[in-house]
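Below is one structure, written out as structure tokens; the observations come after it.
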Amino acid sequence: MSMNPPDYRPDPDDPDKVLDQLLESYRVEPASAALRARIRGQIRPGWRHALHELVQALGGWRVLAPALAFSLCLGVVMPLLAPAGTASTALSSDSLSLWELGQLSENTEFAL
Amino acid sequence: MDDPDAALLARIAVGDTRAFDRLVSRHIDRIVAFAQRMLGSREDAEDVAQEVFLKAWQWAGRWRPGQARFATWLHTVALNACRQRWRRFTPQTDELSAHLVSPLPQPDDALDADMQAARVRQALAALPERQRAAMVLSHYQGMSNIESAEILDVSVEAVESLLGRARRSLRQRLLAEHQTLSKCER
């Protein structure tokens with residue numbers, strides 16, 4: 001990378017300047033389009049790229065991150081705010097049977 | 001340290017291929033030129049460039065800004081790739097260059113320039129590896145001595161010494177030929 005102006009003529013008595021000019025004669029062609037295509041062809045975008053594209057499609061992280069944070073907070077806060085009677089009861093983990101839960105066993109119409 | 005490539009690397013880390021294209025466009029000519037002047041072969045230089053940019057794609061996520069300039073890192077990777085090639089293959093002297101170096105001056109300016117370039121290429125190829133690397137980094141790639149030292153993994157004083165020896169060898173080889181040719185032309 002020469003710092004010399006284009007019309008620069010080296011001092012014939014200065015060997016360093018003559019050497020610099022000689023070195024400048026060794027130029028290299030810029031990279032070809034074929035090489036650029038070869039480099040582009042060897043990369044595999046993978047799941048990171050797919051995730052990135054999905055996030056972009058959904059409005060980018062600036063939109064998606066607050067939306068995710070808000071829905072997470074909502075999921076934590078809502079059960080606390082809801083009245084006790086409306087709290088959901090997981091049947092699988094509950095000791096009551098479906099009959100007892102529906103108070104069907106107390107109803108004579110349904111009594112076995 | 002403000003690295004102009006830091007923003008592109010952050011985008012490449014999440015797989016942005018457009019950012020990668022921009023990074024390649026920004027650096028490819030310099031990397032190919034560096035490898036070609038180091039190896040003396042265009043084909044090998046293109047293989048080195050391909051290897052270097054594949055590594056850049058794979059390592060972008062691990063890049064930490066502020067440690068070194070990305071261009072310096074790219075040159076370090078390119079130099080290592082060149083060294084691996086040297087270990088695998090013996091560098092070939094370019095037959096065309098040897099043919100072009102003729103003691104008879106040619107009237108055609110383009111041919112004259114080609115001959116001069118071939119002489120420089122041969123003189124560079126004759127230098128020991130580290131002297132050549134220091135010379136190419138400093139003269140052609142525009143790297144500072146501090147950056148060259150980082151790439152070559154030596155002290156700044158060692159780079160200065162390598163450059164001094166390289167320039168002395170090149171002066172002896174090229175200027176003698178140049179003066180002989182100048183006299184012939186007169």
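Ordered as shown in the structure tokens, chains take letters A, B, and onward, while each chain numbers its residues from 1 and ligands are numbered from 1 in the order shown.
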
Mind running chain B against chain A at 9 Å and telling me each contacting residue's nearest atom pair with the distance in Å (one decimal), counting only C-alpha atoms, chain and number ascending, as CSV?
```
residue,atom,partner,partner_atom,distance
B:Ala13,CA,A:Arg48,CA,8.3
B:Val14,CA,A:Arg48,CA,5.6
B:Gly15,CA,A:His49,CA,4.3
B:Asp16,CA,A:His49,CA,6.3
B:Thr17,CA,A:Pro45,CA,7.2
B:Phe20,CA,A:Arg40,CA,8.5
B:Asp21,CA,A:Arg40,CA,7.4
B:Val24,CA,A:Arg36,CA,7.8
B:Ser25,CA,A:Arg36,CA,8.2
B:Ile28,CA,A:Ala31,CA,6.6
B:Asp29,CA,A:Pro30,CA,5.2
B:Arg30,CA,A:Pro30,CA,8.3
B:Val32,CA,A:Ala31,CA,6.7
B:Ala33,CA,A:Val28,CA,5.7
B:Gln36,CA,A:Val28,CA,7.6
B:Arg37,CA,A:Val28,CA,8.1
B:Arg42,CA,A:Val28,CA,8.9
B:Glu46,CA,A:Leu35,CA,6.9
B:Asp47,CA,A:Leu35,CA,8.9
B:Ala49,CA,A:Ile39,CA,8.3
B:Gln50,CA,A:Ile39,CA,5.5
B:Glu51,CA,A:Ile39,CA,8.4
B:Phe53,CA,A:Ile39,CA,7.0
B:Leu54,CA,A:Ile43,CA,6.8
B:Trp57,CA,A:Ile43,CA,7.3
B:Gln58,CA,A:Ile43,CA,8.7
B:Ala113,CA,A:Ser25,CA,6.6
B:Asp114,CA,A:Ser25,CA,8.0
B:Gln116,CA,A:Ser25,CA,6.4
B:Ala117,CA,A:Tyr26,CA,4.3
B:Ala118,CA,A:Tyr26,CA,7.3
B:Arg119,CA,A:Tyr26,CA,8.7
B:Val120,CA,A:Leu23,CA,6.2
B:Arg121,CA,A:Tyr26,CA,6.8
B:Ser138,CA,A:Met1,CA,8.4
B:His139,CA,A:Met1,CA,5.9
B:Tyr140,CA,A:Met1,CA,4.5
B:Gln141,CA,A:Met1,CA,5.9
B:Gly142,CA,A:Met1,CA,5.5
B:Arg167,CA,A:Leu19,CA,8.2
B:Leu170,CA,A:Leu19,CA,7.6
B:Arg171,CA,A:Leu19,CA,6.3
B:Leu174,CA,A:Leu19,CA,7.4
B:Leu175,CA,A:Leu19,CA,7.0
B:His178,CA,A:Leu22,CA,8.6
```

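Here atom CA of B:Arg165 and atom CA of B:Val136 stand 13.4 Å from one another.
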
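When the distance limit is 9 Å and only C-alpha atoms are what count, the residues near stretch 125-132 of chain B, minus those fewer than 3 positions from it on the same chain, are B:Arg37, B:Met38, B:Leu39, B:Gly40, B:Arg83, B:Pro91, B:Thr93, B:Val120, B:Arg121, B:Gln122, B:Met135, B:Val136, B:Leu137, B:Leu152, B:Val159, B:Ser161, B:Leu162, B:Leu163, B:Gly164, B:Arg165, B:Ala166, B:Arg167, B:Ser169, B:Leu170.
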
Only N, CA, C and O atoms, please: the residues just picked out, written as an mmCIF file, in the first residue's frame.
```cif
data_model
loop_
_atom_site.group_PDB
_atom_site.id
_atom_site.type_symbol
_atom_site.label_atom_id
_atom_site.label_comp_id
_atom_site.auth_asym_id
_atom_site.auth_seq_id
_atom_site.Cartn_x
_atom_site.Cartn_y
_atom_site.Cartn_z
ATOM 1 N N ARG B 37 0.809 -13.073 -2.390
ATOM 2 C CA ARG B 37 2.199 -12.596 -2.256
ATOM 3 C C ARG B 37 3.001 -13.505 -1.313
ATOM 4 O O ARG B 37 4.211 -13.614 -1.451
ATOM 5 N N MET B 38 2.311 -14.156 -0.401
ATOM 6 C CA MET B 38 3.009 -15.066 0.503
ATOM 7 C C MET B 38 3.317 -16.393 -0.178
ATOM 8 O O MET B 38 4.381 -16.974 0.026
ATOM 9 N N LEU B 39 2.356 -16.911 -0.961
ATOM 10 C CA LEU B 39 2.498 -18.253 -1.537
ATOM 11 C C LEU B 39 3.006 -18.243 -2.976
ATOM 12 O O LEU B 39 3.493 -19.265 -3.461
ATOM 13 N N GLY B 40 2.813 -17.126 -3.667
ATOM 14 C CA GLY B 40 3.251 -17.040 -5.063
ATOM 15 C C GLY B 40 2.319 -17.765 -6.017
ATOM 16 O O GLY B 40 2.669 -17.974 -7.174
ATOM 17 N N ARG B 83 1.084 -21.058 6.190
ATOM 18 C CA ARG B 83 2.134 -21.905 6.798
ATOM 19 C C ARG B 83 1.789 -23.382 6.666
ATOM 20 O O ARG B 83 2.672 -24.203 6.402
ATOM 21 N N PRO B 91 6.907 -24.847 -1.974
ATOM 22 C CA PRO B 91 6.505 -23.767 -2.872
ATOM 23 C C PRO B 91 7.165 -23.917 -4.254
ATOM 24 O O PRO B 91 8.338 -24.260 -4.341
ATOM 25 N N THR B 93 8.448 -22.603 -7.892
ATOM 26 C CA THR B 93 8.877 -21.379 -8.581
ATOM 27 C C THR B 93 8.036 -21.262 -9.838
ATOM 28 O O THR B 93 7.822 -22.236 -10.549
ATOM 29 N N VAL B 120 10.063 -9.018 -8.849
ATOM 30 C CA VAL B 120 9.712 -8.734 -7.449
ATOM 31 C C VAL B 120 9.137 -9.994 -6.798
ATOM 32 O O VAL B 120 9.483 -10.334 -5.669
ATOM 33 N N ARG B 121 8.290 -10.698 -7.546
ATOM 34 C CA ARG B 121 7.673 -11.916 -7.009
ATOM 35 C C ARG B 121 8.743 -12.942 -6.652
ATOM 36 O O ARG B 121 8.703 -13.562 -5.600
ATOM 37 N N GLN B 122 9.714 -13.079 -7.538
ATOM 38 C CA GLN B 122 10.793 -14.044 -7.281
ATOM 39 C C GLN B 122 11.659 -13.619 -6.097
ATOM 40 O O GLN B 122 12.060 -14.455 -5.290
ATOM 41 N N MET B 135 7.460 -8.190 5.468
ATOM 42 C CA MET B 135 7.525 -7.269 4.328
ATOM 43 C C MET B 135 6.145 -7.086 3.686
ATOM 44 O O MET B 135 5.730 -5.962 3.393
ATOM 45 N N VAL B 136 5.453 -8.184 3.473
ATOM 46 C CA VAL B 136 4.133 -8.119 2.819
ATOM 47 C C VAL B 136 3.145 -7.383 3.733
ATOM 48 O O VAL B 136 2.392 -6.517 3.269
ATOM 49 N N LEU B 137 3.173 -7.706 5.022
ATOM 50 C CA LEU B 137 2.247 -7.047 5.951
ATOM 51 C C LEU B 137 2.507 -5.548 6.028
ATOM 52 O O LEU B 137 1.576 -4.746 5.983
ATOM 53 N N LEU B 152 2.479 -11.897 13.606
ATOM 54 C CA LEU B 152 3.618 -12.823 13.535
ATOM 55 C C LEU B 152 3.953 -13.440 14.904
ATOM 56 O O LEU B 152 4.805 -14.325 14.985
ATOM 57 N N VAL B 159 10.030 -7.417 14.594
ATOM 58 C CA VAL B 159 9.453 -7.039 13.294
ATOM 59 C C VAL B 159 10.374 -6.045 12.590
ATOM 60 O O VAL B 159 10.649 -6.167 11.388
ATOM 61 N N SER B 161 13.515 -5.687 12.946
ATOM 62 C CA SER B 161 14.710 -6.407 12.501
ATOM 63 C C SER B 161 14.418 -7.226 11.238
ATOM 64 O O SER B 161 15.203 -7.226 10.289
ATOM 65 N N LEU B 162 13.250 -7.904 11.227
ATOM 66 C CA LEU B 162 12.871 -8.701 10.054
ATOM 67 C C LEU B 162 12.726 -7.804 8.822
ATOM 68 O O LEU B 162 13.180 -8.159 7.721
ATOM 69 N N LEU B 163 12.102 -6.627 9.029
ATOM 70 C CA LEU B 163 11.915 -5.704 7.909
ATOM 71 C C LEU B 163 13.253 -5.187 7.378
ATOM 72 O O LEU B 163 13.455 -5.089 6.169
ATOM 73 N N GLY B 164 14.145 -4.874 8.308
ATOM 74 C CA GLY B 164 15.470 -4.374 7.924
ATOM 75 C C GLY B 164 16.214 -5.399 7.076
ATOM 76 O O GLY B 164 16.753 -5.068 6.008
ATOM 77 N N ARG B 165 16.169 -6.662 7.520
ATOM 78 C CA ARG B 165 16.883 -7.719 6.776
ATOM 79 C C ARG B 165 16.221 -7.982 5.432
ATOM 80 O O ARG B 165 16.893 -8.190 4.423
ATOM 81 N N ALA B 166 14.870 -7.944 5.434
ATOM 82 C CA ALA B 166 14.141 -8.199 4.184
ATOM 83 C C ALA B 166 14.452 -7.113 3.151
ATOM 84 O O ALA B 166 14.721 -7.405 1.981
ATOM 85 N N ARG B 167 14.433 -5.866 3.587
ATOM 86 C CA ARG B 167 14.696 -4.756 2.652
ATOM 87 C C ARG B 167 16.130 -4.815 2.123
ATOM 88 O O ARG B 167 16.379 -4.552 0.955
ATOM 89 N N SER B 169 17.951 -7.537 1.708
ATOM 90 C CA SER B 169 18.024 -8.628 0.710
ATOM 91 C C SER B 169 17.379 -8.211 -0.607
ATOM 92 O O SER B 169 17.915 -8.471 -1.680
ATOM 93 N N LEU B 170 16.209 -7.556 -0.493
ATOM 94 C CA LEU B 170 15.498 -7.140 -1.709
ATOM 95 C C LEU B 170 16.289 -6.081 -2.478
ATOM 96 O O LEU B 170 16.337 -6.115 -3.712
#
```

Expressed in Å to a single decimal, how great is the separation between atom CA of B:Asp44 and atom CA of B:Gln67?
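So the answer is 29.5 Å.
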